[in-house]
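Q: Below you'll find work_18.txt; it's compact mmCIF, C-alpha atoms.
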# COMPACT_ATOMS: atom_id res chain seq x y z
CA MET A 23 47.53 32.97 -8.42
CA LYS A 24 47.88 35.92 -6.06
CA ASN A 25 44.14 36.59 -6.24
CA SER A 26 43.41 32.94 -5.44
CA LEU A 27 45.84 32.99 -2.51
CA LYS A 28 44.29 36.21 -1.22
CA LYS A 29 40.80 34.72 -1.35
CA SER A 30 42.04 31.59 0.42
CA LEU A 31 43.66 33.64 3.20
CA ASN A 32 40.55 35.80 3.58
CA TRP A 33 38.35 32.72 3.85
CA SER A 34 40.75 31.14 6.37
CA LEU A 35 40.61 34.30 8.49
CA ILE A 36 36.83 34.36 8.35
CA VAL A 37 36.65 30.68 9.34
CA ALA A 38 39.09 31.26 12.22
CA VAL A 39 36.98 34.13 13.58
CA ILE A 40 33.74 32.18 13.20
CA THR A 41 35.32 29.18 14.92
CA LEU A 42 36.51 31.36 17.80
CA VAL A 43 33.06 32.85 18.31
CA LEU A 44 31.14 29.58 17.94
CA ALA A 45 33.56 27.66 20.16
CA ALA A 46 33.13 30.27 22.91
CA ILE A 47 29.33 30.22 22.55
CA PHE A 48 29.08 26.42 22.53
CA SER A 49 31.47 26.14 25.47
CA ILE A 50 29.47 28.62 27.56
CA VAL A 51 26.15 27.01 26.64
CA SER A 52 27.34 23.46 27.29
CA THR A 53 28.87 24.44 30.63
CA ALA A 54 25.67 26.22 31.67
CA VAL A 55 23.52 23.28 30.62
CA LEU A 56 25.72 20.69 32.32
CA SER A 57 25.99 22.70 35.52
CA GLY A 58 23.82 21.10 38.19
CA VAL A 59 22.51 18.20 36.07
CA SER A 60 22.96 14.55 36.96
CA TRP A 61 25.63 12.43 35.29
CA GLY A 62 22.93 10.54 33.38
CA ILE A 63 21.57 13.65 31.73
CA GLY A 64 25.12 14.87 31.22
CA MET A 65 25.94 11.64 29.38
CA MET A 66 22.93 12.13 27.10
CA ILE A 67 24.14 15.68 26.33
CA VAL A 68 27.59 14.35 25.44
CA PHE A 69 26.09 11.81 23.05
CA PHE A 70 23.95 14.57 21.51
CA ILE A 71 27.08 16.66 20.91
CA VAL A 72 28.80 13.65 19.32
CA LEU A 73 25.75 13.08 17.10
CA THR A 74 25.84 16.73 16.04
CA GLY A 75 29.45 16.35 14.95
CA VAL A 76 28.69 13.15 13.03
CA ILE A 77 25.69 14.67 11.21
CA SER A 78 27.67 17.80 10.38
CA ASP A 79 30.52 15.73 8.95
CA THR A 80 28.07 13.63 6.92
CA ILE A 81 26.48 16.72 5.37
CA GLY A 82 29.90 18.12 4.47
CA VAL A 83 30.95 14.92 2.70
CA ALA A 84 27.60 14.79 0.88
CA ALA A 85 28.18 18.33 -0.41
CA THR A 86 31.50 17.35 -2.00
CA ALA A 87 30.06 14.14 -3.45
CA ALA A 88 26.84 15.64 -4.83
CA ASN A 89 26.40 16.65 -8.48
CA GLU A 90 24.73 19.89 -9.59
CA LYS A 91 22.78 18.34 -12.47
CA PRO A 92 19.88 16.78 -10.51
CA PHE A 93 19.30 20.06 -8.67
CA HIS A 94 19.23 22.04 -11.90
CA ALA A 95 16.41 19.77 -13.05
CA MET A 96 14.59 20.33 -9.74
CA ALA A 97 15.12 24.09 -9.99
CA ALA A 98 13.60 24.05 -13.49
CA GLU A 99 10.49 22.50 -11.93
CA LYS A 100 10.43 25.20 -9.23
CA ILE A 101 10.98 22.70 -6.42
CA PRO A 102 11.63 24.50 -3.11
CA GLY A 103 15.26 24.26 -2.01
CA ALA A 104 16.63 23.23 -5.42
CA LYS A 105 18.34 26.57 -6.01
CA GLN A 106 19.90 26.44 -2.55
CA SER A 107 21.11 22.88 -3.21
CA VAL A 108 22.83 24.09 -6.39
CA MET A 109 24.60 26.79 -4.40
CA ILE A 110 25.72 24.23 -1.81
CA THR A 111 27.32 22.02 -4.47
CA ARG A 112 28.93 25.03 -6.17
CA ASN A 113 30.44 26.10 -2.85
CA ALA A 114 31.16 22.55 -1.67
CA ASP A 115 34.73 23.38 -0.66
CA ARG A 116 33.75 26.17 1.73
CA PHE A 117 30.56 24.46 2.85
CA SER A 118 32.36 21.23 3.78
CA ASN A 119 35.14 23.23 5.41
CA PHE A 120 32.56 24.85 7.69
CA THR A 121 30.55 21.71 8.48
CA ASN A 122 33.47 19.30 8.82
CA ASP A 123 36.23 21.47 10.26
CA VAL A 124 34.36 24.18 12.14
CA ILE A 125 31.23 22.47 13.48
CA GLY A 126 32.73 18.98 13.54
CA ASP A 127 35.92 19.96 15.36
CA ILE A 128 34.10 22.20 17.82
CA ALA A 129 31.74 19.33 18.62
CA GLY A 130 34.78 17.12 19.25
CA VAL A 131 36.37 19.61 21.63
CA ILE A 132 33.12 20.33 23.50
CA SER A 133 32.29 16.62 23.81
CA GLY A 134 35.70 16.06 25.41
CA THR A 135 35.15 18.83 27.94
CA ALA A 136 31.63 17.64 28.67
CA SER A 137 32.88 14.07 29.10
CA ALA A 138 35.32 15.19 31.79
CA TYR A 139 32.47 16.87 33.68
CA VAL A 140 30.28 13.76 33.45
CA VAL A 141 33.10 11.56 34.73
CA ILE A 142 33.64 13.81 37.75
CA GLN A 143 29.91 13.85 38.54
CA LEU A 144 29.64 10.07 38.22
CA GLY A 145 32.69 9.48 40.39
CA LEU A 146 31.45 11.80 43.11
CA GLN A 147 28.01 10.18 43.09
CA MET A 148 29.66 6.78 43.53
CA GLY A 149 31.63 8.15 46.50
CA TYR A 150 35.04 8.41 44.88
CA GLU A 151 37.02 11.63 45.03
CA GLU A 152 38.48 13.35 42.00
CA GLY A 153 41.82 11.79 41.09
CA SER A 154 41.05 8.36 42.55
CA ASN A 155 41.87 5.17 40.63
CA VAL A 156 38.19 4.34 40.14
CA GLN A 157 37.47 7.76 38.68
CA PHE A 158 40.50 7.40 36.44
CA ALA A 159 39.17 4.07 35.18
CA ILE A 160 35.74 5.61 34.54
CA SER A 161 37.39 8.45 32.66
CA VAL A 162 39.34 6.09 30.40
CA LEU A 163 36.27 3.96 29.72
CA PHE A 164 33.90 6.84 29.00
CA THR A 165 36.43 8.72 26.87
CA SER A 166 37.10 5.56 24.86
CA VAL A 167 33.38 5.04 24.25
CA VAL A 168 32.91 8.65 23.12
CA ALA A 169 35.93 8.42 20.79
CA ALA A 170 34.68 5.12 19.34
CA LEU A 171 31.21 6.55 18.72
CA THR A 172 32.68 9.66 17.10
CA VAL A 173 35.06 7.83 14.76
CA GLY A 174 32.65 5.00 14.03
CA GLY A 175 29.76 7.39 13.48
CA LYS A 176 31.74 9.55 11.06
CA SER A 177 32.88 6.44 9.18
CA VAL A 178 29.28 5.30 8.70
CA GLY A 179 28.25 8.88 7.91
CA LYS A 180 30.79 9.13 5.08
CA THR A 181 29.45 5.96 3.48
CA VAL A 182 25.87 7.20 3.75
CA ALA A 183 26.88 10.65 2.47
CA ILE A 184 28.50 9.24 -0.68
CA GLN A 185 25.62 6.89 -1.47
CA PHE A 186 22.82 9.36 -0.73
CA SER A 187 24.52 12.69 -1.44
CA THR A 188 21.67 14.02 -3.61
CA GLU A 189 18.98 13.19 -1.05
CA ILE A 190 20.98 14.68 1.82
CA ILE A 191 21.79 17.94 0.04
CA ASP A 192 18.17 18.14 -1.13
CA HIS A 193 17.03 18.18 2.51
CA VAL A 194 19.69 20.72 3.47
CA GLY A 195 18.66 22.87 0.50
CA ARG A 196 15.05 22.79 1.70
CA LEU A 197 16.22 23.91 5.13
CA PHE A 198 18.15 26.81 3.59
CA TYR A 199 15.08 27.66 1.50
CA PHE A 200 13.02 27.87 4.69
CA LEU A 201 15.63 30.12 6.30
CA GLU A 202 15.67 32.43 3.28
CA VAL A 203 11.90 32.60 2.72
CA LYS A 204 10.60 32.54 6.28
CA LEU A 205 13.45 34.07 8.28
CA LYS A 206 15.10 36.15 5.53
CA ILE A 207 18.50 34.59 6.25
CA THR A 208 20.57 34.09 3.08
CA ILE A 209 23.27 31.46 3.44
CA PHE A 210 24.72 31.61 -0.08
CA LYS A 211 24.62 34.28 -2.76
CA ASP A 212 24.62 33.18 -6.39
CA ASN A 213 28.11 33.96 -7.68
CA LYS A 214 27.66 31.88 -10.85
CA ARG A 215 30.64 29.73 -9.90
CA LYS A 216 30.32 26.15 -11.10
CA LYS A 217 31.71 23.23 -9.20
CA LYS A 218 35.01 22.15 -10.75
CA GLY A 219 34.83 18.95 -12.70
CA ASN A 220 31.07 18.87 -12.27
CA LYS A 221 30.41 18.27 -15.97
CA ASN A 222 32.48 15.13 -15.94
CA ASN A 223 31.27 13.83 -12.60
CA LYS A 224 28.82 10.98 -12.72
CA ARG A 225 26.94 9.92 -9.68
CA LYS A 226 27.71 6.35 -8.85
Can I see the file as structure tokens?
A:
Amino acid sequence: MKNSLKKSLNWSLIVAVITLVLAAIFSIVSTAVLSGVSWGIGMMIVFFIVLTGVISDTIGVAATAANEKPFHAMAAEKIPGAKQSVMITRNADRFSNFTNDVIGDIAGVISGTASAYVVIQLGLQMGYEEGSNVQFAISVLFTSVVAALTVGGKSVGKTVAIQFSTEIIDHVGRLFYFLEVKLKITIFKDNKRKKKGNKNNKRK
């Protein structure tokens, strides 16, 4: 129990540090990119950030829903990415924590900040000063649209992730295979840990 708690705390600390670093990097990059661009391009960037969060959340859900068995069969046939897919399903808890909570939440925060910038730019271009009623109305409308796209997109993504978990993780596994083989970047190390309940799980 103590060992499990210690591992959980260590992982939480690692995630917190990674989140801090990534949030700072994404914030700086998004601010630099948005600086000087028109509101139209800024709006496209916001939607791209929202899409990133939705895709990340979808992949995380797929990891928790996927079963190891199909990937073991693929690995036996030496299919590229199969071994990486097995590791993703075995580490589904940490993997989904990173994709859903770290990347997904950062995307949500950054999209909110970027939305505020776009609203200001749009209002100024229309001739309304910051703090005016028109700019306030634009802010409410644009923020509502972004929130609706985020929530709606993640809802659809969860459905897709559950129904096509194997296919999604297969593609992610191939990406990890490319990173390991071509760029020598290892995402997961084989710790021989099997996904809990995996033997009894049946893909619906």
Q: Which residues come within 10 Å of range 159-173 of chain A, counting all atoms listed in the file, excluding same-chain residues fewer than 6 positions away, as a PyMOL selection string?
A: chain A and resi 65+68-69+71-76+126+129-130+133-134+137-142+144-145+179
Q: Report the distance between CA of Asp192 in chain A and CA of Arg116 in chain A in Å, rounded to one decimal place.
A: 17.8 Å
Q: If I wrap all listed atoms of range 65-74 of chain A in a box with edges along x, y and z and add 6 Å on each side, what are its centre and edge lengths in Å to one decimal, as AutoDock Vina command-line options?
A:
--center_x 25.9 --center_y 14.2 --center_z 22.7 --size_x 17.9 --size_y 17.1 --size_z 25.3
Q: Can you tell me which residues surround Ala84 in chain A at a distance of at most 8 Å, considering all atoms listed in the file, apart from same-chain residues fewer than 6 positions away, and format the answer as a list in words?
A: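 Non-adjacent residues within range: Lys180, Ala183, Ile184, Phe186, Ser187, Thr188, Ile190 and Ile191 of chain A.
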Q: Export C-alpha atoms of the chosen residues as a PDB file, keeping the file's coordinate frame?
A:
ATOM      1  CA  LYS A 180      30.790   9.130   5.080  1.00  0.00           C
ATOM      2  CA  ALA A 183      26.880  10.650   2.470  1.00  0.00           C
ATOM      3  CA  ILE A 184      28.500   9.240  -0.680  1.00  0.00           C
ATOM      4  CA  PHE A 186      22.820   9.360  -0.730  1.00  0.00           C
ATOM      5  CA  SER A 187      24.520  12.690  -1.440  1.00  0.00           C
ATOM      6  CA  THR A 188      21.670  14.020  -3.610  1.00  0.00           C
ATOM      7  CA  ILE A 190      20.980  14.680   1.820  1.00  0.00           C
ATOM      8  CA  ILE A 191      21.790  17.940   0.040  1.00  0.00           C
TER       9      ILE A 191
END
Q: What is the distance, in Å and to one decimal place, between CA of Val51 in chain A and CA of Phe120 in chain A?
A: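 Those two atoms sit 20.1 Å apart.
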Q: For a test of reading the model, state the distance in Å between CA of Thr53 in chain A and CA of Ile132 in chain A, rounded to one decimal.
A: 9.3 Å
Q: Residues at most 12 Å from Glu189 in chain A, counting all atoms listed in the file, excluding those fewer than 5 positions away in the same chain, as a compact mmCIF listing (two decimals) with C-alpha atoms, keeping the file's coordinate frame?
A:
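New file result35.txt:
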# COMPACT_ATOMS: atom_id res chain seq x y z
CA ILE A 81 26.48 16.72 5.37
CA ALA A 84 27.60 14.79 0.88
CA ALA A 85 28.18 18.33 -0.41
CA ALA A 87 30.06 14.14 -3.45
CA ALA A 88 26.84 15.64 -4.83
CA ASN A 89 26.40 16.65 -8.48
CA PRO A 92 19.88 16.78 -10.51
CA PHE A 93 19.30 20.06 -8.67
CA GLY A 103 15.26 24.26 -2.01
CA ALA A 104 16.63 23.23 -5.42
CA SER A 107 21.11 22.88 -3.21
CA VAL A 182 25.87 7.20 3.75
CA ALA A 183 26.88 10.65 2.47
CA ILE A 184 28.50 9.24 -0.68
CA VAL A 194 19.69 20.72 3.47
CA GLY A 195 18.66 22.87 0.50
CA ARG A 196 15.05 22.79 1.70
Q: Return the single residue from A:Glu90, A:Gly64, A:Val37, A:Thr135 that is closest to Thr121 in chain A, with distances computed using all atoms listed in the file.
A: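 For Thr121 in chain A, the nearest of the candidates is A:Val37.
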Q: Using only C-alpha atoms, which of A:Ser49, A:Gln106, A:Thr111, A:Asn119 sits nearest Ile36 in chain A?
A: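 Selected residue with least distance to Ile36 in chain A: A:Asn119.
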Q: Name the closest residue to Phe198 in chain A among the candidates A:Leu27, A:Val43, A:Leu146, A:Ile110; distances are taken between atoms, counting all atoms listed in the file.
A: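 Using all atoms listed in the file, Phe198 in chain A sits closest to A:Ile110.
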Q: For Trp61 in chain A, which residue among A:Val108, A:Met148, A:Ile128, A:Ile40 is the nearest when counting all atoms listed in the file?
A: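 Of A:Val108, A:Met148, A:Ile128, A:Ile40, the one nearest Trp61 in chain A, counting all atoms listed in the file, is A:Met148.
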Q: Between A:His94, A:Lys176, A:Lys28, A:Lys100, which is the closest to Thr80 in chain A once you count only C-alpha atoms?
A: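 Of A:His94, A:Lys176, A:Lys28, A:Lys100, the one nearest Thr80 in chain A, counting only C-alpha atoms, is A:Lys176.
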